[in-house]
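What follows is the content of structure.cif (mmCIF, C-alpha atoms).
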```
data_run
#
loop_
_atom_site.label_atom_id
_atom_site.label_comp_id
_atom_site.auth_asym_id
_atom_site.auth_seq_id
_atom_site.Cartn_x
_atom_site.Cartn_y
_atom_site.Cartn_z
CA MET A 256 18.63 5.78 -27.98
CA ASP A 257 22.22 6.93 -27.99
CA SER A 258 24.87 5.46 -25.71
CA SER A 259 25.03 8.45 -23.34
CA ALA A 260 21.27 8.28 -22.73
CA PHE A 261 21.58 4.54 -22.19
CA ARG A 262 24.35 5.06 -19.61
CA GLN A 263 22.21 7.63 -17.81
CA TYR A 264 19.31 5.17 -17.65
CA VAL A 265 21.60 2.45 -16.29
CA ILE A 266 23.03 4.75 -13.61
CA ARG A 267 19.60 5.93 -12.53
CA LEU A 268 18.18 2.41 -12.62
CA LYS A 269 20.96 1.19 -10.32
CA GLU A 270 20.25 4.09 -7.93
CA VAL A 271 16.56 3.23 -7.87
CA ASN A 272 17.36 -0.46 -7.38
CA GLU A 273 19.47 0.35 -4.30
CA VAL A 274 16.51 2.16 -2.77
CA ILE A 275 13.87 -0.41 -3.72
CA GLU A 276 15.76 -3.48 -2.56
CA LYS A 277 15.74 -2.07 0.99
CA LEU A 278 11.93 -1.80 1.01
CA ASP A 279 9.36 -4.32 2.12
CA PRO A 280 8.59 -6.73 -0.76
CA ALA A 281 4.90 -5.86 -0.51
CA ILE A 282 5.51 -2.30 -1.65
CA ARG A 283 8.35 -2.64 -4.14
CA GLY A 284 6.11 -2.56 -7.21
CA GLU A 285 4.40 0.65 -6.17
CA ALA A 286 7.73 2.17 -5.15
CA PHE A 287 9.12 1.49 -8.60
CA SER A 288 6.02 3.11 -10.11
CA LEU A 289 6.80 6.24 -8.15
CA LEU A 290 10.48 6.29 -9.13
CA ALA A 291 10.18 5.20 -12.77
CA GLY A 292 9.81 8.81 -13.87
CA TYR A 293 13.24 9.54 -12.41
CA VAL A 294 14.78 6.75 -14.49
CA THR A 295 13.13 7.61 -17.80
CA GLY A 296 12.37 11.29 -17.40
CA LYS A 297 8.71 10.52 -18.20
CA PRO A 298 5.78 9.54 -15.96
CA TYR A 299 5.46 5.79 -15.47
CA ARG A 300 1.73 5.87 -16.20
CA ASP A 301 0.61 7.87 -19.18
CA ASP A 302 -2.89 8.50 -17.79
CA SER A 303 -2.15 11.88 -16.23
CA ASP A 304 -5.79 12.99 -16.33
CA SER A 305 -6.95 9.97 -14.30
CA GLN A 306 -4.44 10.78 -11.55
CA GLU A 307 -6.32 14.01 -10.89
CA ARG A 308 -9.35 12.15 -9.60
CA ILE A 309 -9.66 9.43 -7.00
CA PRO A 310 -9.94 5.89 -8.40
CA ARG A 311 -13.33 4.46 -7.49
CA GLY A 312 -13.30 1.00 -8.99
CA ASP A 313 -13.45 1.97 -12.63
CA GLU A 314 -12.03 -0.68 -14.92
CA GLU A 315 -9.06 1.51 -15.86
CA SER A 316 -7.52 2.00 -12.41
CA SER A 317 -8.70 -0.09 -9.50
CA GLU A 318 -5.69 0.45 -7.26
CA PRO A 319 -4.47 3.84 -6.12
CA LEU A 320 -0.82 4.57 -6.12
CA MET A 321 0.59 4.18 -2.65
CA ALA A 322 1.82 7.76 -2.43
CA ASP A 323 -1.54 9.17 -3.55
CA LEU A 324 -3.44 7.31 -0.85
CA PHE A 325 -1.05 8.21 1.96
CA ALA A 326 -0.77 11.82 0.77
CA ARG A 327 -4.55 12.27 1.08
CA TYR A 328 -4.44 11.36 4.80
CA PRO A 329 -1.09 12.68 6.07
CA ASP A 330 -1.78 13.64 9.68
CA GLY A 331 -3.85 10.91 11.28
CA LYS A 332 -3.68 9.46 14.75
CA PRO A 333 -1.54 6.32 15.00
CA SER A 334 -4.65 4.12 15.13
CA ASP A 335 -6.07 5.85 12.04
CA ASN A 336 -2.73 5.35 10.28
CA ALA A 337 -2.96 1.61 10.99
CA ILE A 338 -6.38 1.47 9.36
CA LEU A 339 -5.08 3.55 6.44
CA ILE A 340 -2.30 1.01 5.87
CA ALA A 341 -4.88 -1.77 6.06
CA ALA A 342 -6.88 0.11 3.40
CA TRP A 343 -3.86 0.16 1.11
CA LEU A 344 -3.28 -3.56 1.68
CA TYR A 345 -6.97 -4.15 0.91
CA SER A 346 -6.62 -2.15 -2.32
CA GLN A 347 -3.78 -4.47 -3.33
CA TYR A 348 -4.74 -7.91 -1.98
CA GLY A 349 -8.45 -7.74 -1.26
CA SER A 350 -9.64 -9.59 1.83
CA GLN A 351 -6.54 -11.78 2.07
CA GLY A 352 -4.86 -11.79 5.45
CA PHE A 353 -1.95 -9.50 6.21
CA LYS A 354 0.74 -9.72 8.85
CA LEU A 355 1.50 -7.06 11.42
CA ASP A 356 5.17 -6.99 10.37
CA GLU A 357 4.03 -6.16 6.83
CA MET A 358 2.01 -3.22 8.19
CA ARG A 359 4.95 -2.01 10.28
CA GLY A 360 7.24 -2.20 7.24
CA ILE A 361 4.85 -0.10 5.18
CA ALA A 362 4.45 2.40 8.02
CA GLU A 363 8.20 2.76 8.29
CA SER A 364 8.71 3.12 4.55
CA VAL A 365 6.09 5.86 4.15
CA GLY A 366 6.86 7.60 7.43
CA LEU A 367 3.62 6.97 9.31
CA THR A 368 3.41 6.42 13.05
CA VAL A 369 1.44 3.35 14.11
CA PRO A 370 0.62 2.10 17.61
CA THR A 371 3.15 -0.11 19.36
CA SER A 372 0.48 -2.71 20.09
CA LEU A 373 -0.83 -2.91 16.55
CA ASP A 374 -2.58 -6.22 17.24
CA MET A 375 -4.79 -4.67 19.93
CA THR A 376 -5.54 -1.69 17.71
CA LEU A 377 -6.84 -3.96 14.95
CA ARG A 378 -8.71 -6.27 17.37
CA GLN A 379 -10.55 -3.29 18.87
CA ALA A 380 -11.13 -1.31 15.66
CA GLN A 381 -14.88 -0.84 15.30
CA ARG A 382 -17.23 1.43 13.44
CA ASP A 383 -20.96 1.47 14.13
CA GLY A 384 -20.40 -1.22 16.78
CA LYS A 385 -19.02 -3.72 14.26
CA ALA A 386 -15.48 -5.06 14.12
CA LEU A 387 -13.40 -3.96 11.12
CA PHE A 388 -10.83 -6.78 11.26
CA GLN A 389 -10.78 -10.47 12.08
CA HIS A 390 -7.81 -12.14 13.75
CA ILE A 391 -7.01 -15.17 11.56
CA GLY A 392 -3.67 -16.38 12.83
CA ARG A 393 -0.55 -15.48 14.67
CA SER A 394 -0.05 -11.77 14.03
CA GLU A 395 -2.36 -11.99 11.03
CA PHE A 396 -5.61 -10.15 10.33
CA ARG A 397 -8.04 -9.62 7.50
CA PRO A 398 -10.89 -7.15 7.00
CA THR A 399 -14.38 -8.30 7.94
CA VAL A 400 -17.23 -7.69 5.50
CA HIS A 401 -18.14 -4.56 7.46
CA GLY A 402 -14.45 -3.61 7.45
CA GLU A 403 -14.28 -3.94 3.66
CA LEU A 404 -17.26 -1.63 3.26
CA TYR A 405 -15.72 0.88 5.67
CA LEU A 406 -12.36 0.88 3.85
CA LYS A 407 -14.07 1.33 0.47
CA LYS A 408 -16.26 4.19 1.68
CA THR A 409 -13.74 6.02 3.85
CA TYR A 410 -10.59 5.72 1.73
CA GLN A 411 -12.16 5.33 -1.74
CA VAL A 412 -10.25 2.12 -2.49
CA THR A 413 -11.41 -0.91 -4.39
CA LYS A 414 -10.84 -4.55 -3.57
CA GLY A 415 -7.47 -5.68 -4.89
CA THR A 416 -6.89 -8.90 -6.78
CA LYS A 417 -3.16 -9.49 -6.33
CA LYS A 418 -1.95 -12.55 -4.46
CA HIS A 419 0.45 -12.19 -1.56
CA ALA A 420 3.90 -13.49 -2.40
CA ALA A 421 4.59 -16.75 -0.57
CA GLU A 422 6.68 -15.76 2.40
CA GLY A 423 9.13 -18.02 4.12
CA SER A 424 7.69 -20.44 6.64
CA GLY A 425 8.20 -19.83 10.29
CA SER A 426 5.34 -17.76 11.59
#
```
Kindly transcribe the structure held in the file into structure tokens.
Amino acid sequence: MDSSAFRQYVIRLKEVNEVIEKLDPAIRGEAFSLLAGYVTGKPYRDDSDSQERIPRGDEESSEPLMADLFARYPDGKPSDNAILIAAWLYSQYGSQGFKLDEMRGIAESVGLTVPTSLDMTLRQAQRDGKALFQHIGRSEFRPTVHGELYLKKTYQVTKGTKKHAAEGSGS
């Protein structure tokens, strides 16, 4: 790599860093995946043929890229958008709990409208008469077993295995 190419990478990397550091910590990794091509001039993931199809739990790609998932469902109602964000969180962290502020941050970063009373939306979300989410703490929810099945079937996501980063105490 020559020095001019190196300087270009550094400039672009700093630009990307400015954007990413303003995002919610829960989505920074995926955001970098989306912008890595801008830095290097090449796609971040070299599996271009697997991006054509929807990941369905195959060993090669168990988590969809954030942009791919949200691009497939662009014009939903606010309540559907909330469940879509929950599906993405499920694809990343499995059935671990998630906070409403985390969902709002994701909604803001990807440009989705979610209900003002997000807690009531999740408490009342049902399919086939069964609750999709369980309230597990102050402003915190997790998918029920029925909810997990619904998210997998409806949004073609698989259960994530990442651990939530330890957030500061004070909830």
Could you tell me which residues the PyMOL selection byres ((chain A and resi 356-363) around 9) returns for this structure, as a PyMOL selection string? chain A and resi 278-282+336-337+340-341+344+353-355+364-369+373+394
Neighbour list for A:Leu387 as a PDB file with C-alpha atoms, in the frame of the given file, cut-off 9 Å, only C-alpha atoms, skip fewer than 6 positions in-chain:
```
ATOM      1  CA  LEU A 377      -6.840  -3.960  14.950  1.00  0.00           C
ATOM      2  CA  ARG A 378      -8.710  -6.270  17.370  1.00  0.00           C
ATOM      3  CA  GLN A 379     -10.550  -3.290  18.870  1.00  0.00           C
ATOM      4  CA  ALA A 380     -11.130  -1.310  15.660  1.00  0.00           C
ATOM      5  CA  GLN A 381     -14.880  -0.840  15.300  1.00  0.00           C
ATOM      6  CA  ARG A 397      -8.040  -9.620   7.500  1.00  0.00           C
ATOM      7  CA  PRO A 398     -10.890  -7.150   7.000  1.00  0.00           C
ATOM      8  CA  THR A 399     -14.380  -8.300   7.940  1.00  0.00           C
ATOM      9  CA  VAL A 400     -17.230  -7.690   5.500  1.00  0.00           C
ATOM     10  CA  HIS A 401     -18.140  -4.560   7.460  1.00  0.00           C
ATOM     11  CA  GLY A 402     -14.450  -3.610   7.450  1.00  0.00           C
ATOM     12  CA  GLU A 403     -14.280  -3.940   3.660  1.00  0.00           C
ATOM     13  CA  TYR A 405     -15.720   0.880   5.670  1.00  0.00           C
ATOM     14  CA  LEU A 406     -12.360   0.880   3.850  1.00  0.00           C
TER      15      LEU A 406
END
```
Report the distance between atom CA of A:Asp335 and atom CA of A:Lys407 in Å, rounded to one decimal place. 14.8 Å
Picked residues, the PyMOL selection byres ((chain A and resi 261-274) around 10), expected as number ranges by chain: A: 256-260, 275-278, 283, 286-287, 290-291, 293-296
Output file for the selection above: C-alpha atoms, as an mmCIF file, in the frame of the given file:
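Done, and the output landed in again35.cif:
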```
data_model
loop_
_atom_site.group_PDB
_atom_site.id
_atom_site.type_symbol
_atom_site.label_atom_id
_atom_site.label_comp_id
_atom_site.auth_asym_id
_atom_site.auth_seq_id
_atom_site.Cartn_x
_atom_site.Cartn_y
_atom_site.Cartn_z
ATOM 1 C CA MET A 256 18.630 5.780 -27.980
ATOM 2 C CA ASP A 257 22.220 6.930 -27.990
ATOM 3 C CA SER A 258 24.870 5.460 -25.710
ATOM 4 C CA SER A 259 25.030 8.450 -23.340
ATOM 5 C CA ALA A 260 21.270 8.280 -22.730
ATOM 6 C CA ILE A 275 13.870 -0.410 -3.720
ATOM 7 C CA GLU A 276 15.760 -3.480 -2.560
ATOM 8 C CA LYS A 277 15.740 -2.070 0.990
ATOM 9 C CA LEU A 278 11.930 -1.800 1.010
ATOM 10 C CA ARG A 283 8.350 -2.640 -4.140
ATOM 11 C CA ALA A 286 7.730 2.170 -5.150
ATOM 12 C CA PHE A 287 9.120 1.490 -8.600
ATOM 13 C CA LEU A 290 10.480 6.290 -9.130
ATOM 14 C CA ALA A 291 10.180 5.200 -12.770
ATOM 15 C CA TYR A 293 13.240 9.540 -12.410
ATOM 16 C CA VAL A 294 14.780 6.750 -14.490
ATOM 17 C CA THR A 295 13.130 7.610 -17.800
ATOM 18 C CA GLY A 296 12.370 11.290 -17.400
#
```
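Between A:Trp343 and the candidates A:Ala386, A:Ala420, A:Ala326, A:Met321, the tightest atom-to-atom separation, counting all atoms listed in the file, involves A:Met321.
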